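Take a look at the structure below.
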Amino acid sequence: AADENDDGVISLDEFIGFMTDPTKVNLSWRIRSSFRVALVMGGPGSGKGTLCERLVKQARVTHFSSGDMLRNEIESGSPLAQSITRTMNEGRLVSSTTIIALLKKQLRRFPGALVALDGFPRNLENYVDFDKVCGRPEFAIKIDVPDETMVERILKRAETSGRADDNEETAKKRLSTYHEQTEPTIKQLELDGVPIYQLDGMKSPDEVWADLVEKCPLIGTRV
């Protein structure tokens, strides 16, 4: 895209033109940010947040949760707040356009970082949009937990979280949505050659962490 005369060499003028061309803003933004992304996948209550805390503390990874970004946006009182609130309370997924816009705003603060992205992309459309704008992930982590256990964990969390979406009805809707829309994303990741490290979320947090360090070379070299 930057080699305009197709001579196999990108000149300084061509590079500057590429980086300042508004029609190529998505590609040039990826170069400027130079971040790498690891997807952390799993149903609500699977333990993604707990694992991400250890990634931050023990592997020097920057963590972004799509849920946290959305809740922060709601608290900011922005024009998006009402729409996001209604969508989350109904147990539906917020559009990929909204998530990517919020993510780009955050990633500008951490150029060159290895980012653990928790809760996004959740469906194939999200993943395609993410790939176009942010590039292909380095790897994905998938935490497997039975549905009944995830519901129990969400209801337990509701005792202290104060979150409007931590109730049984919404939890079951979120789980249904997760299974319906995440599996095609997993298949596409496999087709794209993205390494997927599957973890047993029924194990203790220490055991889950040990499994990840053993299975994932990039994390293993950072601890």
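Order determines the names: the first chain of the structure tokens is A, the second B, and so forth; residues in each chain are numbered 1 upward, and ligands are numbered 1 upward as they are shown.
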> Using the chain letters and numbers from this document, which residues of chain A does DSSP assign to helix (DSSP H, G or I), as a ChimeraX atom specification?
Replying inline: /A:12-20,22-33,48-59,66-76,81-89,96-107,124-134,147-161,168-191,205-215,217-220
>> When you look at Val128 in chain A with a cut-off of 12 Å (counting only C-alpha atoms), what residues show up, excluding the ones that are within fewer than 3 positions of it in the same chain? I need them as a PyMOL selection string.
In response: chain A and resi 96-97+100+120-125+131-137+184-185+188-189+192
>> Taking only C-alpha atoms into account, name the residue in A:Val115, A:Leu93, A:Pro79, A:Arg109 that is nearest to Phe64 in chain A.
In response: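 Nearest candidate to Phe64 in chain A out of A:Val115, A:Leu93, A:Pro79, A:Arg109: A:Val115.
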With a cut-off of 12 Å, could you pull out the residues of range 20-139 of chain A touching range 169-182 of chain A and give me the nearest pair of atoms for each, distance in Å to one decimal, using only C-alpha atoms, ordered by chain and ascending number, as a Markdown table?
```
| residue | atom | partner | partner_atom | distance |
| --- | --- | --- | --- | --- |
| A:Val40 | CA | A:Thr182 | CA | 11.9 |
| A:Met41 | CA | A:Thr182 | CA | 8.6 |
| A:Gly42 | CA | A:Tyr178 | CA | 8.2 |
| A:Gly43 | CA | A:Tyr178 | CA | 6.2 |
| A:Pro44 | CA | A:Leu175 | CA | 6.9 |
| A:Gly45 | CA | A:Ala171 | CA | 9.0 |
| A:Ser46 | CA | A:Leu175 | CA | 10.6 |
| A:Thr87 | CA | A:Thr170 | CA | 11.3 |
| A:Met88 | CA | A:Thr170 | CA | 9.0 |
| A:Asn89 | CA | A:Thr170 | CA | 7.3 |
| A:Glu90 | CA | A:Thr170 | CA | 6.9 |
| A:Gly91 | CA | A:Arg174 | CA | 5.4 |
| A:Arg92 | CA | A:Arg174 | CA | 7.2 |
| A:Leu93 | CA | A:Thr177 | CA | 8.2 |
| A:Val94 | CA | A:Thr177 | CA | 11.9 |
| A:Gly119 | CA | A:Tyr178 | CA | 10.0 |
| A:Phe120 | CA | A:Thr182 | CA | 9.8 |
| A:Pro121 | CA | A:Thr182 | CA | 8.3 |
| A:Arg122 | CA | A:Thr182 | CA | 5.3 |
| A:Asn123 | CA | A:Gln181 | CA | 4.7 |
| A:Leu124 | CA | A:Gln181 | CA | 7.0 |
| A:Glu125 | CA | A:Gln181 | CA | 9.3 |
| A:Asn126 | CA | A:Gln181 | CA | 9.9 |
| A:Tyr127 | CA | A:Thr182 | CA | 9.8 |
```
Would you give me, as JSON lines, each residue of range 84-182 of chain A having an atom within 10 Å of an atom of range 215-222 of chain A, along with its shortest atom pair and that distance in Å to one decimal, using only C-alpha atoms and sorting by chain and residue number?
```
{"residue": "A:Leu114", "atom": "CA", "partner": "A:Leu218", "partner_atom": "CA", "distance": 10.0}
{"residue": "A:Glu138", "atom": "CA", "partner": "A:Leu218", "partner_atom": "CA", "distance": 9.2}
{"residue": "A:Phe139", "atom": "CA", "partner": "A:Cys216", "partner_atom": "CA", "distance": 8.8}
{"residue": "A:Ala140", "atom": "CA", "partner": "A:Cys216", "partner_atom": "CA", "distance": 9.7}
{"residue": "A:Ile141", "atom": "CA", "partner": "A:Cys216", "partner_atom": "CA", "distance": 9.1}
```
Could the residues in this selection be saved with N, CA and C atoms as a short mmCIF file (atom, residue, chain, number, x, y, z; two decimals), in the first residue's frame?
```cif
data_model
loop_
_atom_site.label_atom_id
_atom_site.label_comp_id
_atom_site.auth_asym_id
_atom_site.auth_seq_id
_atom_site.Cartn_x
_atom_site.Cartn_y
_atom_site.Cartn_z
N LEU A 114 2.56 -5.15 24.86
CA LEU A 114 1.82 -6.39 24.66
C LEU A 114 0.52 -6.24 25.45
N GLU A 138 -1.38 -11.77 18.32
CA GLU A 138 -0.20 -12.64 18.48
C GLU A 138 -0.64 -14.06 18.84
N PHE A 139 -1.60 -14.15 19.75
CA PHE A 139 -2.13 -15.44 20.18
C PHE A 139 -3.44 -15.20 20.93
N ALA A 140 -4.15 -16.28 21.24
CA ALA A 140 -5.39 -16.19 22.01
C ALA A 140 -5.33 -17.18 23.17
N ILE A 141 -5.95 -16.79 24.26
CA ILE A 141 -6.10 -17.65 25.43
C ILE A 141 -7.58 -17.94 25.61
#
```
> Could you work out how far CA of Pro195 in chain A lies from CA of Trp209 in chain A, giving the answer in Å with one decimal?
Replying inline: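 Distance reported for this atom pair: 17.2 Å.
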> Can you tell me, as a PyMOL selection string, what residues are no more than 12 Å from Leu51 in chain A when counting only C-alpha atoms, ignoring any on the same chain fewer than 6 positions away?
Replying inline: chain A and resi 39-42+45+57-59+61+63+65+116-118+141-143+199-201+203-213
> Expressed in Å to a single decimal, how great is the separation between CA of Ile99 in chain A and CA of Ser66 in chain A?
Replying inline: 6.8 Å
> DSSP on the backbone: what in range 65-133 of chain A comes out strand (DSSP E), as a ChimeraX atom specification?
Replying inline: /A:65,114-118
